[in-house]
Every structure is written in structure tokens, then in C-alpha cells.
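*Asks:* Provided herewith: run29.cif, mmCIF, C-alpha atoms and all ligand atoms.
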```
data_model
#
loop_
_atom_site.label_atom_id
_atom_site.label_comp_id
_atom_site.auth_asym_id
_atom_site.auth_seq_id
_atom_site.Cartn_x
_atom_site.Cartn_y
_atom_site.Cartn_z
CA MET A 184 -21.25 14.25 18.18
CA ALA A 185 -19.93 14.19 14.64
CA THR A 186 -22.26 15.19 11.83
CA SER A 187 -22.13 14.03 8.27
CA CYS A 188 -20.98 16.36 5.50
CA ARG A 189 -23.14 16.09 2.37
CA LYS A 190 -20.34 17.21 0.06
CA CYS A 191 -17.71 15.06 1.64
CA TRP A 192 -17.19 11.44 0.58
CA LEU A 193 -16.00 10.51 4.05
CA GLY A 194 -18.73 12.36 5.94
CA SER A 195 -18.37 11.69 9.60
CA SER A 196 -17.14 8.16 9.10
CA VAL A 197 -13.67 9.15 10.33
CA GLY A 198 -15.15 10.65 13.48
CA ASN A 199 -13.96 14.19 12.81
CA SER A 200 -16.63 16.37 11.21
CA ASP A 201 -14.29 19.41 11.06
CA ILE A 202 -12.27 17.82 8.27
CA CYS A 203 -14.01 17.89 4.90
CA TYR A 204 -12.53 16.18 1.87
CA ASN A 205 -14.18 17.05 -1.40
CA LYS A 206 -12.01 14.85 -3.60
CA ILE A 207 -12.24 11.09 -3.71
CA PRO A 208 -8.88 9.35 -4.00
CA ARG A 209 -8.40 7.40 -7.22
CA SER A 210 -7.68 4.24 -5.22
CA GLU A 211 -11.09 4.53 -3.52
CA ILE A 212 -12.86 4.86 -6.88
CA GLU A 213 -10.91 1.87 -8.21
CA HIS A 214 -11.83 -0.14 -5.11
CA GLN A 215 -15.54 0.75 -5.41
CA GLU A 216 -15.59 -0.08 -9.14
CA ARG A 217 -13.84 -3.40 -8.48
CA GLU A 218 -16.44 -4.22 -5.82
CA LYS A 219 -19.33 -3.34 -8.17
CA SER A 220 -17.77 -5.35 -10.97
CA THR A 221 -17.27 -8.38 -8.71
CA GLU A 222 -20.89 -8.16 -7.48
CA LYS A 223 -22.16 -7.99 -11.07
CA TRP A 224 -19.94 -10.93 -11.99
CA GLN A 225 -21.30 -12.90 -9.01
CA GLN A 226 -24.91 -12.19 -10.07
CA GLN A 227 -24.18 -13.37 -13.59
CA TRP A 228 -22.35 -16.42 -12.22
CA ASP A 229 -25.31 -17.25 -9.95
CA HIS A 230 -27.84 -17.09 -12.78
CA THR A 231 -26.01 -18.60 -15.73
CA THR A 232 -26.70 -22.13 -16.83
CA LYS A 233 -23.21 -22.36 -18.35
CA GLY A 234 -20.10 -23.58 -16.57
CA LEU A 235 -21.85 -26.02 -14.25
CA ALA A 236 -18.71 -28.13 -13.82
CA THR A 237 -16.65 -25.06 -12.95
CA LYS A 238 -19.31 -23.92 -10.48
CA GLU A 239 -18.73 -27.09 -8.49
CA PHE A 240 -15.19 -25.88 -7.81
CA PHE A 241 -15.86 -22.14 -7.53
CA LEU A 242 -19.18 -20.99 -6.10
CA ASN A 243 -18.03 -17.58 -4.99
CA ILE A 244 -16.24 -15.13 -7.31
CA LYS A 245 -14.60 -13.20 -4.44
CA ASP A 246 -13.14 -16.39 -2.98
CA ARG A 247 -11.89 -17.49 -6.39
CA LEU A 248 -10.19 -14.13 -6.99
CA LYS A 249 -8.35 -14.49 -3.67
CA MET A 250 -6.86 -17.83 -4.74
CA LYS A 251 -3.51 -17.99 -6.42
CA ILE A 252 -3.82 -20.66 -9.07
CA ASN A 253 -1.25 -21.49 -11.70
CA LEU A 254 -3.57 -22.12 -14.62
CA SER A 255 -2.49 -24.46 -17.36
CA PRO A 256 -4.43 -25.78 -20.33
CA LYS A 257 -4.81 -29.24 -18.69
CA PHE A 258 -5.93 -27.78 -15.35
CA THR A 259 -8.45 -25.50 -17.05
CA ALA A 260 -9.72 -28.41 -19.13
CA MET A 261 -10.39 -30.40 -15.97
CA LEU A 262 -12.13 -27.51 -14.17
CA THR A 263 -14.39 -26.88 -17.15
CA ALA A 264 -15.07 -30.61 -17.76
CA HIS A 265 -13.53 -30.27 -21.19
CA GLY A 266 -10.59 -32.50 -20.31
CA LYS A 267 -10.05 -35.57 -22.39
CA THR A 268 -12.10 -37.82 -20.11
CA ARG A 269 -13.84 -40.79 -21.67
CA LEU A 270 -17.24 -39.19 -20.98
CA TYR A 271 -16.21 -36.04 -22.88
CA LEU A 272 -14.76 -38.02 -25.80
CA HIS A 273 -17.91 -40.17 -25.87
CA ARG A 274 -20.12 -37.06 -25.88
CA LEU A 275 -18.18 -35.86 -28.94
CA LYS A 276 -18.74 -39.30 -30.53
CA ILE A 277 -15.01 -39.97 -30.68
CA ILE A 278 -15.15 -43.18 -28.62
CA GLU A 279 -17.85 -45.81 -28.08
CA SER A 280 -18.05 -46.03 -24.29
CA PRO A 281 -17.76 -43.38 -21.55
CA GLU A 282 -16.89 -46.03 -18.96
CA CYS A 283 -13.54 -46.02 -17.21
CA PRO A 284 -11.44 -49.06 -18.22
CA TYR A 285 -10.69 -49.58 -14.49
CA ALA A 286 -14.41 -49.88 -13.62
CA ASN A 287 -16.54 -47.87 -11.17
CA GLY A 288 -18.62 -46.06 -13.76
CA ASN A 289 -18.15 -43.34 -16.33
CA GLN A 290 -14.80 -41.62 -16.51
CA THR A 291 -15.70 -38.08 -15.43
CA VAL A 292 -13.55 -35.43 -13.76
CA ASP A 293 -15.05 -36.36 -10.38
CA HIS A 294 -14.37 -40.04 -11.08
CA LEU A 295 -10.71 -39.29 -11.80
CA MET A 296 -10.35 -37.04 -8.77
CA TYR A 297 -12.19 -39.13 -6.17
CA GLN A 298 -12.90 -42.68 -7.33
CA CYS A 299 -10.69 -44.12 -10.03
CA SER A 300 -8.73 -47.06 -8.62
CA LYS A 301 -5.97 -46.48 -11.18
CA LEU A 302 -5.18 -43.13 -9.53
CA ASN A 303 -5.37 -44.25 -5.87
CA ASN A 304 -1.61 -43.98 -5.34
CA LYS A 305 -1.35 -40.52 -6.89
CA ARG A 306 -4.42 -39.35 -4.97
CA GLU A 307 -3.00 -40.57 -1.64
CA LYS A 308 0.36 -38.96 -2.42
CA THR A 309 -1.33 -35.64 -3.28
CA ASN A 310 -3.51 -35.77 -0.19
CA SER A 311 -0.56 -36.49 2.10
CA VAL A 312 1.44 -33.60 0.61
CA TYR A 313 -1.59 -31.30 1.00
CA LEU A 314 -2.26 -32.42 4.58
CA LYS A 315 1.44 -32.09 5.47
CA LYS A 316 1.46 -28.55 4.02
CA LYS A 317 -1.79 -27.73 5.81
CA THR A 318 -0.47 -28.84 9.21
CA THR A 319 2.88 -27.05 8.83
CA THR A 320 1.44 -23.76 7.50
CA GLY A 321 -1.84 -23.88 9.40
CA ARG A 322 -3.85 -23.28 6.19
ZN ZN A 401 -11.44 -45.15 -13.26
#
```
Starting from the coordinates I provided, produce the structure as C-alpha cells.
*Replies:*
Amino acid sequence: MATSCRKCWLGSSVGNSDICYNKIPRSEIEHQEREKSTEKWQQQWDHTTKGLATKEFFLNIKDRLKMKINLSPKFTAMLTAHGKTRLYLHRLKIIESPECPYANGNQTVDHLMYQCSKLNNKREKTNSVYLKKKTTTGR
């Protein structure tokens, strides 16, 4: 039975207690530091009262870091609820009403993404492209 080496970073985890490594590879240290940093970031993300709109899209930091997203100013504005929606402009006292001119309530990011009748065609087109991609790639 393999025993653990107190000086060795691998210990008996590789199943061979005769081999003792007393140096930790740089890549392992980088990996461990990245993990610690991500955990700390997740804790801060879980407890902050800021970024509530963004939290609706990204609950988990690890999952977000795995995603490849081409960020643009407009995309970021929508994710942070700082896009030029009528609700945002109304909050800044730039316009009188936050309501969408096409009805169904205030013009929020969620309204534009899921409800606005003006964007039905674009939404259906986007969904069909996404579903087509999902069925062909299996993702
Ligand atoms: Zn609308």
C-alpha cells in the first residue's frame, strides 16, 4: 500500500510512494492560484448587491469563464442593464415614460429579449439559427 510523503506535493496520489518530487511545477501553482482566485471571485459575486442584471445571465463564474463571448459595447450594455432601453433612459430622467411604444409594459432588457412584439421576427430568426446550430453540433 502506498504511503504519503510529507515533503512531496504529490504524496501517494500517483500510486507510487517510491517516487518523491520536492518541486512543484509552475503550471500546478498557476492552476491552484487560478482556482483560488476563481473561488474568491465567486464568493464576492455571490454576496455583492451590484450587478443584479448581469447575475441573471451569469450565476457561476467558472461557467462564465468557460464561455467564449465576443464582447461589444452594445452587448455589454445589455448584459449590465445599461443599454439604452426606455426604462434606463427614464431612470436617468432623459425621457418621460419607460413604457415600450409597442405596448406590453416597460422597455427593459428582458422585455426586448422575450416579449417585445416589434422584435418577434428577429427573435424567431435568432432562435431558429440557435436551434439549428444546437441540433447540428449537439450543443
Ligand atoms: Zn416592446
*Asks:* Please tell me which residues are no farther than 12 Å from (-11.0, -40.4, -23.6) in the file, counting only C-alpha atoms, and write them as a PyMOL selection string.
*Replies:* chain A and resi 265-284+289-292+295
*Asks:* Name the closest residue to ligand ZN 401 (chain A) among the candidates A:Thr318, A:Thr309, A:Asn303, A:Asn287; distances are taken between atoms, counting only C-alpha atoms and all ligand atoms.
*Replies:*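 Closest to ligand ZN 401 (chain A), using only C-alpha atoms and all ligand atoms: A:Asn287.
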*Asks:* Quick one: residues within 12 Å of Leu235 of chain A, only C-alpha atoms counted, chain neighbours fewer than 4 positions away excluded, as a ChimeraX atom specification?
*Replies:* /A:228-231,239-242,262-265
*Asks:* To one decimal in Å, tell me the separation between atom CA of Thr237 of chain A and atom CA of Ala260 of chain A.
*Replies:*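 The value is 9.9 Å.
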*Asks:* To one decimal place, how far is atom CA of Arg247 of chain A from atom CA of Lys308 of chain A in Å?
*Replies:*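 So the answer is 25.0 Å.
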*Asks:* Have a look at A:Gln227, A:Gln298, A:Thr232, A:Asn310 and name the one nearest to ligand ZN 401 (chain A); count only C-alpha atoms and all ligand atoms.
*Replies:*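 Checking each candidate against ligand ZN 401 (chain A), we get A:Gln298 as the closest.
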*Asks:* Take atom CA of Thr319 of chain A and atom CA of Met261 of chain A and report the distance between them in Å, one decimal.
*Replies:*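 Spanning atom CA of Thr319 of chain A to atom CA of Met261 of chain A is a straight-line distance of 28.3 Å.
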*Asks:* Using only C-alpha atoms, which of A:Ile202, A:Ile244, A:Cys299, A:Leu314 sits nearest Glu222 of chain A?
*Replies:*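 Closest residue, counting only C-alpha atoms: A:Ile244.
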*Asks:* Calculated over all atoms listed in the file, which of the candidates A:Ile252, A:Met296, A:Ala236, A:Val312 has the smallest distance to ligand ZN 401 (chain A)?
*Replies:*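 Result for the nearest residue to ligand ZN 401 (chain A): A:Met296.
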*Asks:* Quick one: of A:Lys245, A:Lys301, A:Arg306, A:Lys206, who's nearest to ligand ZN 401 (chain A), counting all atoms listed in the file?
*Replies:*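 Checking each candidate against ligand ZN 401 (chain A), we get A:Lys301 as the closest.
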*Asks:* Calculated over all atoms listed in the file, which of the candidates A:Asn243, A:Ser300, A:Ser210, A:Ser220 has the smallest distance to ligand ZN 401 (chain A)?
*Replies:*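 Distance minimum relative to ligand ZN 401 (chain A) lands on A:Ser300.
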*Asks:* Atoms are missing here; could segment 231-242 of chain A be completed with N, CA and C atoms and written as a PDB file, keeping the file's coordinate frame?
*Replies:*
```pdb
ATOM      1  N   THR A 231     -26.297 -17.956 -14.450  1.00  0.00           N
ATOM      2  CA  THR A 231     -26.010 -18.600 -15.730  1.00  0.00           C
ATOM      3  C   THR A 231     -26.214 -20.112 -15.646  1.00  0.00           C
ATOM      4  N   THR A 232     -26.573 -20.674 -16.766  1.00  0.00           N
ATOM      5  CA  THR A 232     -26.700 -22.130 -16.830  1.00  0.00           C
ATOM      6  C   THR A 232     -25.434 -22.743 -17.443  1.00  0.00           C
ATOM      7  N   LYS A 233     -24.483 -21.901 -17.787  1.00  0.00           N
ATOM      8  CA  LYS A 233     -23.210 -22.360 -18.350  1.00  0.00           C
ATOM      9  C   LYS A 233     -22.218 -22.629 -17.214  1.00  0.00           C
ATOM     10  N   GLY A 234     -21.186 -23.383 -17.523  1.00  0.00           N
ATOM     11  CA  GLY A 234     -20.100 -23.580 -16.570  1.00  0.00           C
ATOM     12  C   GLY A 234     -20.480 -24.351 -15.313  1.00  0.00           C
ATOM     13  N   LEU A 235     -21.401 -25.292 -15.436  1.00  0.00           N
ATOM     14  CA  LEU A 235     -21.850 -26.020 -14.250  1.00  0.00           C
ATOM     15  C   LEU A 235     -20.716 -26.805 -13.581  1.00  0.00           C
ATOM     16  N   ALA A 236     -19.835 -27.376 -14.398  1.00  0.00           N
ATOM     17  CA  ALA A 236     -18.710 -28.130 -13.820  1.00  0.00           C
ATOM     18  C   ALA A 236     -17.782 -27.194 -13.055  1.00  0.00           C
ATOM     19  N   THR A 237     -17.536 -26.032 -13.599  1.00  0.00           N
ATOM     20  CA  THR A 237     -16.650 -25.060 -12.950  1.00  0.00           C
ATOM     21  C   THR A 237     -17.277 -24.532 -11.669  1.00  0.00           C
ATOM     22  N   LYS A 238     -18.608 -24.386 -11.677  1.00  0.00           N
ATOM     23  CA  LYS A 238     -19.310 -23.920 -10.480  1.00  0.00           C
ATOM     24  C   LYS A 238     -19.122 -24.859  -9.298  1.00  0.00           C
ATOM     25  N   GLU A 239     -18.940 -26.148  -9.586  1.00  0.00           N
ATOM     26  CA  GLU A 239     -18.730 -27.090  -8.490  1.00  0.00           C
ATOM     27  C   GLU A 239     -17.436 -26.793  -7.740  1.00  0.00           C
ATOM     28  N   PHE A 240     -16.466 -26.217  -8.453  1.00  0.00           N
ATOM     29  CA  PHE A 240     -15.190 -25.880  -7.810  1.00  0.00           C
ATOM     30  C   PHE A 240     -15.212 -24.469  -7.231  1.00  0.00           C
ATOM     31  N   PHE A 241     -15.874 -23.548  -7.932  1.00  0.00           N
ATOM     32  CA  PHE A 241     -15.860 -22.140  -7.530  1.00  0.00           C
ATOM     33  C   PHE A 241     -17.272 -21.586  -7.463  1.00  0.00           C
ATOM     34  N   LEU A 242     -17.848 -21.560  -6.281  1.00  0.00           N
ATOM     35  CA  LEU A 242     -19.180 -20.990  -6.100  1.00  0.00           C
ATOM     36  C   LEU A 242     -19.141 -19.478  -5.968  1.00  0.00           C
TER      37      LEU A 242
END
```
